[in-house]
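**Q** My structure is stored as upload_3.csv, with CSV, C-alpha atoms.
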chain,number,residue,atom,x,y,z
D,1,MET,CA,19.8,-37.9,-9.7
D,2,THR,CA,18.8,-34.9,-11.8
D,3,ASP,CA,15.6,-34.6,-9.7
D,4,MET,CA,17.6,-34.5,-6.6
D,5,ARG,CA,19.9,-31.9,-8.0
D,6,ALA,CA,16.9,-29.8,-9.2
D,7,GLU,CA,15.3,-30.2,-5.7
D,8,ARG,CA,18.5,-29.0,-4.0
D,9,SER,CA,18.8,-26.0,-6.4
D,10,ARG,CA,15.2,-25.1,-5.8
D,11,ARG,CA,15.9,-25.0,-2.1
D,12,ALA,CA,18.9,-22.9,-2.6
D,13,TRP,CA,16.9,-20.4,-4.7
D,14,PHE,CA,14.2,-20.3,-2.1
D,15,VAL,CA,16.9,-19.3,0.4
D,16,GLU,CA,18.3,-16.8,-2.1
D,17,GLY,CA,14.8,-15.2,-2.3
D,18,MET,CA,14.6,-15.0,1.5
D,19,LYS,CA,17.8,-12.9,1.5
D,20,GLY,CA,15.8,-10.2,-0.3
D,21,LEU,CA,14.6,-9.2,3.2
D,22,PHE,CA,18.0,-7.6,3.8
D,23,SER,CA,18.0,-5.5,0.7
D,24,LEU,CA,17.3,-1.8,0.7
D,25,PRO,CA,13.7,-2.2,-0.6
D,26,GLY,CA,13.3,-4.8,2.1
D,27,PHE,CA,14.4,-2.4,4.8
D,28,ILE,CA,12.2,0.4,3.4
D,29,LEU,CA,9.2,-1.9,3.5
D,30,MET,CA,9.9,-2.9,7.1
D,31,SER,CA,10.1,0.7,8.2
D,32,ALA,CA,6.8,1.3,6.4
D,33,PHE,CA,5.2,-1.5,8.4
D,34,VAL,CA,6.6,0.0,11.7
D,35,GLY,CA,4.7,3.1,10.7
D,36,PHE,CA,1.6,1.1,9.8
D,37,THR,CA,1.7,-0.5,13.2
D,38,ALA,CA,1.5,2.9,14.8
D,39,LEU,CA,-1.3,3.9,12.4
D,40,ALA,CA,-3.3,0.7,13.2
D,41,PHE,CA,-2.9,1.2,17.0
D,42,GLN,CA,-3.9,4.9,16.9
D,43,SER,CA,-6.9,4.0,14.7
D,44,GLY,CA,-8.2,1.6,17.3
D,45,LEU,CA,-7.3,-1.8,15.9
D,46,THR,CA,-6.2,-4.6,18.3
D,47,ARG,CA,-2.9,-6.3,17.9
D,48,GLU,CA,-4.5,-9.5,16.5
D,49,GLU,CA,-6.6,-7.5,14.0
D,50,ALA,CA,-3.5,-5.5,12.8
D,51,ALA,CA,-1.4,-8.7,12.3
D,52,PHE,CA,-4.3,-10.6,10.6
D,53,LEU,CA,-4.9,-7.6,8.3
D,54,THR,CA,-1.3,-7.6,7.3
D,55,PHE,CA,-1.0,-11.3,6.5
D,56,PHE,CA,-4.3,-11.7,4.8
D,57,VAL,CA,-4.3,-8.6,2.7
D,58,TRP,CA,-0.6,-7.9,2.2
D,59,ALA,CA,-0.9,-4.6,0.3
D,60,LEU,CA,-0.3,-1.4,2.2
D,61,PRO,CA,-2.8,0.8,0.3
D,62,SER,CA,-5.6,-1.8,0.8
D,63,GLN,CA,-4.6,-2.1,4.4
D,64,MET,CA,-4.8,1.7,4.9
D,65,ILE,CA,-8.2,1.7,3.3
D,66,VAL,CA,-9.5,-1.1,5.5
D,67,VAL,CA,-8.2,0.6,8.7
D,68,GLY,CA,-9.9,3.8,7.6
D,69,ALA,CA,-13.1,1.9,6.8
D,70,ILE,CA,-13.2,0.2,10.2
D,71,SER,CA,-12.5,3.3,12.2
D,72,SER,CA,-15.0,5.5,10.3
D,73,GLY,CA,-17.8,2.8,10.4
D,74,MET,CA,-17.9,2.3,6.6
D,75,GLY,CA,-20.1,-0.5,5.3
D,76,VAL,CA,-18.4,-3.7,4.1
D,77,LEU,CA,-19.6,-3.4,0.5
D,78,ALA,CA,-18.4,0.2,0.1
D,79,ALA,CA,-15.0,-0.8,1.7
D,80,PHE,CA,-14.8,-3.8,-0.7
D,81,LEU,CA,-15.4,-1.5,-3.7
D,82,ALA,CA,-12.8,1.0,-2.4
D,83,VAL,CA,-10.2,-1.7,-1.9
D,84,SER,CA,-11.0,-3.2,-5.3
D,85,LEU,CA,-10.6,0.1,-7.1
D,86,ALA,CA,-7.2,0.5,-5.4
D,87,SER,CA,-6.2,-3.0,-6.2
D,88,ILE,CA,-6.9,-3.5,-9.9
D,89,ARG,CA,-3.3,-2.6,-10.5
D,90,MET,CA,-2.5,-6.1,-9.1
D,91,THR,CA,-3.9,-7.8,-12.3
D,92,PRO,CA,-1.3,-6.4,-14.7
D,93,MET,CA,1.4,-6.8,-12.1
D,94,VAL,CA,0.7,-10.5,-11.6
D,95,ALA,CA,0.1,-11.0,-15.4
D,96,ALA,CA,3.6,-9.5,-16.1
D,97,LEU,CA,5.3,-11.7,-13.4
D,98,VAL,CA,3.7,-15.1,-14.1
D,99,PRO,CA,5.2,-15.7,-17.6
D,100,GLU,CA,8.6,-14.8,-16.1
D,101,ILE,CA,8.6,-17.3,-13.3
D,102,ARG,CA,6.4,-20.2,-14.3
D,103,GLU,CA,7.6,-23.5,-15.7
D,104,LYS,CA,5.4,-25.6,-18.0
D,105,LYS,CA,4.5,-28.0,-15.2
D,106,THR,CA,3.8,-25.2,-12.6
D,107,SER,CA,0.2,-25.8,-11.5
D,108,SER,CA,-2.4,-23.0,-11.5
D,109,ALA,CA,-3.1,-23.8,-7.8
D,110,LEU,CA,0.5,-23.0,-6.9
D,111,LEU,CA,0.4,-19.7,-8.9
D,112,ILE,CA,-2.9,-18.7,-7.2
D,113,PHE,CA,-1.4,-19.4,-3.8
D,114,LEU,CA,1.8,-17.5,-4.6
D,115,SER,CA,-0.1,-14.6,-6.2
D,116,HIS,CA,-1.2,-13.5,-2.7
D,117,PHE,CA,2.4,-12.6,-1.9
D,118,VAL,CA,2.7,-10.3,-4.9
D,119,ALA,CA,3.0,-6.7,-3.7
D,120,ILE,CA,5.1,-3.9,-5.1
D,121,THR,CA,8.4,-4.6,-3.3
D,122,ALA,CA,8.6,-8.4,-4.1
D,123,TRP,CA,7.4,-7.7,-7.6
D,124,VAL,CA,10.0,-5.1,-8.5
D,125,TYR,CA,12.8,-7.1,-6.8
D,126,THR,CA,11.9,-10.4,-8.6
D,127,LEU,CA,11.5,-8.8,-12.1
D,128,LYS,CA,15.0,-7.2,-11.6
D,129,LYS,CA,16.7,-10.4,-10.6
D,130,VAL,CA,14.8,-12.9,-12.7
D,131,GLN,CA,17.1,-12.8,-15.7
D,132,ASP,CA,20.0,-14.1,-13.6
D,133,ILE,CA,18.0,-17.1,-12.3
D,134,PRO,CA,17.5,-20.4,-14.2
D,135,ARG,CA,13.9,-21.1,-15.0
D,136,GLU,CA,13.6,-24.0,-12.5
D,137,GLY,CA,14.7,-21.7,-9.7
D,138,ARG,CA,12.4,-18.7,-10.3
D,139,ILE,CA,9.2,-19.9,-8.6
D,140,ALA,CA,11.3,-20.9,-5.6
D,141,PHE,CA,13.0,-17.6,-5.6
D,142,PHE,CA,9.8,-15.6,-5.7
D,143,ALA,CA,8.2,-17.9,-3.1
D,144,GLY,CA,11.2,-17.5,-0.7
D,145,LEU,CA,11.1,-13.7,-1.1
D,146,GLY,CA,7.3,-13.1,-1.1
D,147,ILE,CA,6.5,-15.4,1.8
D,148,THR,CA,9.5,-14.2,3.9
D,149,LEU,CA,8.5,-10.5,3.4
D,150,THR,CA,4.9,-11.2,4.3
D,151,LEU,CA,5.7,-13.3,7.4
D,152,VAL,CA,8.4,-11.1,8.8
D,153,ASN,CA,6.3,-7.9,8.4
D,154,THR,CA,3.3,-9.7,10.0
D,155,ALA,CA,5.6,-10.6,12.9
D,156,ILE,CA,6.8,-6.9,13.0
D,157,VAL,CA,3.3,-5.7,13.3
D,158,PHE,CA,2.4,-8.3,15.9
D,159,SER,CA,5.5,-7.8,18.1
D,160,LEU,CA,5.9,-4.0,17.7
D,161,TYR,CA,2.2,-3.4,18.5
D,162,GLY,CA,3.1,-3.9,22.1
D,163,VAL,CA,6.0,-1.5,21.9
D,164,VAL,CA,4.0,1.1,20.0
D,165,SER,CA,1.1,0.9,22.5
D,166,GLN,CA,3.6,1.6,25.4
D,167,LEU,CA,5.3,4.5,23.7
D,168,PRO,CA,5.0,8.0,25.2
D,169,PRO,CA,2.2,9.9,23.2
D,170,ILE,CA,4.7,12.2,21.6
D,171,ALA,CA,6.6,9.2,20.0
D,172,ALA,CA,3.4,7.4,19.0
D,173,GLY,CA,1.9,10.5,17.4
D,174,THR,CA,5.1,11.1,15.5
D,175,LEU,CA,5.3,7.6,14.2
D,176,TYR,CA,1.7,7.7,13.0
D,177,PHE,CA,2.8,10.4,10.5
D,178,LEU,CA,5.3,8.0,8.9
D,179,THR,CA,2.6,6.2,6.8
D,180,PRO,CA,1.0,9.1,5.0
D,181,MET,CA,4.4,10.8,4.3
D,182,TYR,CA,5.9,7.5,3.1
D,183,PHE,CA,3.0,6.9,0.8
D,184,VAL,CA,2.7,10.4,-0.8
D,185,MET,CA,6.4,10.4,-1.5
D,186,SER,CA,6.6,6.9,-2.9
D,187,ILE,CA,3.7,7.5,-5.2
D,188,TRP,CA,5.3,10.7,-6.4
D,189,GLU,CA,8.7,9.0,-6.9
D,190,SER,CA,7.4,6.0,-8.8
D,191,ALA,CA,5.0,7.9,-11.1
D,192,ARG,CA,5.7,7.2,-14.7
D,193,GLN,CA,2.8,9.1,-16.2
D,194,PRO,CA,1.7,12.7,-15.5
D,195,VAL,CA,-1.8,11.6,-14.7
D,196,ILE,CA,-0.5,10.3,-11.4
D,197,TYR,CA,0.6,13.8,-10.2
D,198,TRP,CA,-2.9,15.1,-11.1
D,199,ALA,CA,-4.6,12.3,-9.4
D,200,LEU,CA,-2.5,12.7,-6.3
D,201,ALA,CA,-3.1,16.4,-6.0
D,202,LEU,CA,-6.8,16.3,-6.9
D,203,GLY,CA,-7.4,13.4,-4.5
D,204,MET,CA,-6.0,15.4,-1.6
D,205,ILE,CA,-8.1,18.5,-2.6
D,206,VAL,CA,-11.3,16.6,-3.0
D,207,ALA,CA,-11.0,14.4,0.1
D,208,PRO,CA,-12.2,17.0,2.7
D,209,ALA,CA,-15.2,17.8,0.5
D,210,SER,CA,-16.1,14.1,0.1
D,211,HIS,CA,-15.7,13.7,3.9
D,212,TYR,CA,-18.2,16.5,4.4
D,213,VAL,CA,-20.7,15.5,1.8
D,214,ALA,CA,-20.6,11.7,2.0
D,215,PRO,CA,-18.8,10.6,5.2
D,216,GLN,CA,-19.9,7.0,4.9
D,217,ILE,CA,-18.4,6.5,1.4
D,218,ASP,CA,-15.9,9.3,1.2
D,219,MET,CA,-13.0,7.3,-0.1
D,220,LEU,CA,-15.1,5.9,-3.0
D,221,VAL,CA,-16.3,9.4,-3.9
D,222,THR,CA,-12.8,10.9,-3.8
D,223,GLY,CA,-11.4,8.1,-5.9
D,224,LEU,CA,-14.0,8.3,-8.6
D,225,VAL,CA,-14.5,12.0,-8.8
D,226,ALA,CA,-10.9,13.1,-8.4
D,227,GLY,CA,-9.5,10.2,-10.4
D,228,THR,CA,-11.9,10.7,-13.3
D,229,PHE,CA,-11.2,14.4,-13.3
D,230,ALA,CA,-7.5,13.8,-13.3
D,231,TYR,CA,-7.9,11.4,-16.2
D,232,VAL,CA,-9.9,13.9,-18.2
D,233,ILE,CA,-7.3,16.7,-17.7
D,234,ASP,CA,-4.5,14.3,-18.6
D,235,ARG,CA,-6.2,13.0,-21.7
D,236,SER,CA,-7.0,16.5,-23.0
D,237,ARG,CA,-3.4,17.5,-22.4
D,238,ARG,CA,-2.2,14.4,-24.3
D,239,ARG,CA,-4.5,15.1,-27.2
D,240,ARG,CA,-3.4,18.7,-27.4
D,241,ALA,CA,0.3,17.8,-27.4
D,242,PRO,CA,1.6,16.9,-30.8
G,1,MET,CA,-22.9,-3.7,7.5
G,2,THR,CA,-20.0,-2.1,9.4
G,3,ALA,CA,-17.1,-3.9,11.1
G,4,GLN,CA,-18.8,-3.4,14.4
G,5,GLU,CA,-21.8,-5.4,13.1
G,6,ILE,CA,-20.1,-8.3,11.3
G,7,GLY,CA,-16.9,-8.5,13.3
G,8,VAL,CA,-13.5,-7.0,12.4
G,9,PHE,CA,-12.0,-10.3,11.1
G,10,VAL,CA,-14.9,-11.0,8.7
G,11,PHE,CA,-14.8,-7.4,7.6
G,12,ILE,CA,-11.0,-7.7,6.8
G,13,LEU,CA,-11.5,-11.0,4.9
G,14,ILE,CA,-14.4,-9.6,2.7
G,15,ALA,CA,-13.3,-6.0,2.1
G,16,GLY,CA,-9.5,-6.5,2.4
G,17,THR,CA,-8.6,-10.0,1.3
G,18,LEU,CA,-11.2,-10.6,-1.3
G,19,GLY,CA,-11.0,-7.0,-2.6
G,20,THR,CA,-7.3,-7.4,-3.2
G,21,ASP,CA,-6.8,-11.1,-4.0
G,22,ILE,CA,-9.4,-11.4,-6.8
G,23,TRP,CA,-7.3,-9.0,-8.8
G,24,ARG,CA,-4.2,-11.1,-8.1
G,25,TRP,CA,-6.1,-14.3,-9.2
G,26,LEU,CA,-7.3,-12.5,-12.3
G,27,GLY,CA,-3.7,-11.7,-13.2
G,28,VAL,CA,-2.8,-15.5,-13.0
G,29,PHE,CA,-5.4,-16.3,-15.7
G,30,GLY,CA,-6.6,-13.5,-17.9
G,31,GLY,CA,-4.4,-10.5,-17.2
G,32,LYS,CA,-2.5,-10.6,-20.5
G,33,GLN,CA,-5.3,-8.8,-22.3
G,34,LEU,CA,-4.8,-5.8,-20.0
G,35,SER,CA,-2.4,-3.5,-21.9
G,36,GLU,CA,-0.3,-1.2,-19.7
G,37,GLU,CA,-1.0,1.7,-22.1
G,38,SER,CA,-4.8,1.2,-22.6
G,39,GLU,CA,-7.0,4.2,-21.8
G,40,ALA,CA,-9.0,2.0,-19.4
G,41,LEU,CA,-6.0,1.2,-17.4
G,42,ILE,CA,-4.8,4.8,-17.3
G,43,TRP,CA,-8.3,5.7,-15.8
G,44,VAL,CA,-8.0,2.8,-13.3
G,45,ARG,CA,-4.6,4.0,-12.3
G,46,SER,CA,-5.8,7.5,-11.9
G,47,VAL,CA,-8.8,6.5,-9.8
G,48,ALA,CA,-6.7,4.2,-7.6
G,49,THR,CA,-4.1,7.0,-7.0
G,50,ALA,CA,-6.8,9.6,-6.2
G,51,LEU,CA,-8.4,7.1,-3.8
G,52,VAL,CA,-5.2,6.5,-1.9
G,53,ALA,CA,-4.4,10.2,-2.0
G,54,GLY,CA,-7.8,10.7,-0.3
G,55,VAL,CA,-6.9,8.1,2.3
G,56,ILE,CA,-3.6,9.9,2.9
G,57,ALA,CA,-5.3,13.3,3.2
G,58,SER,CA,-7.8,11.8,5.7
G,59,GLN,CA,-5.0,10.4,7.8
G,60,ILE,CA,-3.5,13.9,8.0
G,61,LEU,CA,-6.8,15.8,8.4
G,62,TYR,CA,-8.8,13.4,10.6
G,63,PRO,CA,-6.2,11.4,12.5
G,64,GLY,CA,-7.0,9.0,15.3
G,65,GLY,CA,-5.3,8.8,18.7
G,66,VAL,CA,-2.8,11.3,20.0
G,67,LEU,CA,-2.9,13.6,16.9
G,68,ALA,CA,-6.7,13.9,17.0
G,69,GLY,CA,-6.3,16.7,19.5
G,70,THR,CA,-3.7,18.7,17.6
G,71,PRO,CA,-4.4,21.8,15.4
G,72,VAL,CA,-4.8,20.9,11.8
G,73,THR,CA,-2.3,23.6,10.8
G,74,LEU,CA,0.4,21.7,12.6
G,75,ARG,CA,-0.3,18.5,10.6
G,76,ILE,CA,-0.7,20.2,7.2
G,77,GLY,CA,2.4,22.4,7.9
G,78,ALA,CA,4.5,19.4,8.8
G,79,ALA,CA,3.3,17.4,5.8
G,80,ALA,CA,3.8,20.3,3.3
G,81,ALA,CA,7.3,21.1,4.7
G,82,GLY,CA,8.4,17.5,4.5
G,83,PHE,CA,7.1,17.2,0.9
G,84,ALA,CA,8.8,20.4,-0.1
G,85,VAL,CA,12.1,19.1,1.3
G,86,PHE,CA,11.6,15.9,-0.6
G,87,LEU,CA,11.1,17.8,-3.9
G,88,LEU,CA,14.0,20.2,-3.3
G,89,LEU,CA,16.5,17.5,-2.4
G,90,LYS,CA,15.8,15.6,-5.7
G,91,LYS,CA,13.2,13.2,-4.3
G,92,ASN,CA,15.0,12.3,-1.1
G,93,MET,CA,12.4,10.4,0.8
G,94,LEU,CA,14.4,9.9,3.9
G,95,ALA,CA,15.0,13.7,4.3
G,96,GLY,CA,11.4,14.5,3.6
G,97,ILE,CA,10.1,12.0,6.1
G,98,ALA,CA,12.6,13.1,8.7
G,99,VAL,CA,11.6,16.8,8.4
G,100,SER,CA,7.9,16.0,8.7
G,101,LEU,CA,8.3,13.7,11.7
G,102,ALA,CA,10.6,16.2,13.4
G,103,LEU,CA,8.1,19.0,12.9
G,104,VAL,CA,5.2,16.8,14.3
G,105,ALA,CA,7.4,15.9,17.3
G,106,LEU,CA,8.3,19.5,17.9
G,107,GLY,CA,4.6,20.5,17.6
G,108,LEU,CA,3.5,17.9,20.1
G,109,HIS,CA,6.3,18.9,22.5
G,110,LEU,CA,5.3,22.6,22.3
G,111,LEU,CA,1.7,21.6,22.9
G,112,GLY,CA,2.8,19.8,26.0
G,113,ILE,CA,1.7,16.3,24.8
Will you turn the file into structure tokens for me?

**A**
Amino acid sequence: MTDMRAERSRRAWFVEGMKGLFSLPGFILMSAFVGFTALAFQSGLTREEAAFLTFFVWALPSQMIVVGAISSGMGVLAAFLAVSLASIRMTPMVAALVPEIREKKTSSALLIFLSHFVAITAWVYTLKKVQDIPREGRIAFFAGLGITLTLVNTAIVFSLYGVVSQLPPIAAGTLYFLTPMYFVMSIWESARQPVIYWALALGMIVAPASHYVAPQIDMLVTGLVAGTFAYVIDRSRRRRAP
Amino acid sequence: MTAQEIGVFVFILIAGTLGTDIWRWLGVFGGKQLSEESEALIWVRSVATALVAGVIASQILYPGGVLAGTPVTLRIGAAAAGFAVFLLLKKNMLAGIAVSLALVALGLHLLGI
């Protein structure tokens, strides 16, 4: 009896999570994926490749890096390293989320599976709502939210690819610009430490130099050189400040 | 090995999926030791941000498709104007993006594309 009730409540929480698609962050994410579709098309990916990339990576920064790596002919090892450097942030994100949503009996296999659906939107949304959800509903809530966001955005990429590829060039070219602008602003907006501003500015300044000096591994060079430089500047400023 | 050599899908799985998911998996098990405020994590965050900033800059400076044939001043100008509007209007992303995209559209129109 209690099992049935728990089962029913889990289903309800899964559905509750699915509704997160229609939240403001959900809509912002979907528009970002409309832009990503244009970016992938203009960069020469096929419809199937773009949808596959969305579902099996499910992190827009990583996806942008992979698109850039494919179109510039970067080696798979260098691309793996670049994606890795941009994705280390996933570890503390998942580590913060897991204790909030797991039950004692939750298996590691289920957590590993669900961790694929952790990306910034679902993560922020779940951590914000989790206090109002009973422990036994939290895994279901996150699963409903994360899986829905992933599947719907994969479907957006797959179905809109056809639309984007038929758009007049002026519209397709304009839509391409959505992704870089969305990203630069959302990084700026969500920055909680001054080092982020330094890294953002220096990364943009160093990028053309890396592209010129080391076109095959330019992203890695930009990240390591500009990122380390930004870190050193930030640390010396922190040390100097009382 | 490039995507052309090993196939795009394999390339995506190795570079994209593995490169992202191993960090998610690590978070399920051992992530608690990683303190948000540790120096190592600040460096990691800085490198990750600079890397993505570099990718953004490349998308603007070396675009594919339609924009490839446009003057770089149009693209930098549209990006800078949109970002300035974003900052001036207290981090209004919608306004910033709208201005950038409108300028790109105007530029493409004037170029006869």

**Q** One decimal, in Å: what's the spacing between atom CA of Met90 of chain D and atom CA of Ile42 of chain G?

**A**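 Those two atoms sit 13.8 Å apart.
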
**Q** At a cut-off of 7 Å, list the chain G residues touching chain D, using only C-alpha atoms, as an MDAnalysis selection string.

**A** chainID G and resid 1:3 9 11:12 14:17 19:21 23:28 31:32 34 43 45:59 64:67 79 91 93 97 101 104:105 108:109 113

**Q** Between atom CA of Phe33 of chain D and atom CA of Leu151 of chain D, measure the distance and give it in Å to one decimal.

**A**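 Going from atom CA of Phe33 of chain D over to atom CA of Leu151 of chain D, I get 11.9 Å.
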
**Q** Just how far from atom CA of Thr37 of chain D is atom CA of Val157 of chain D, in Å to one decimal?

**A** 5.4 Å
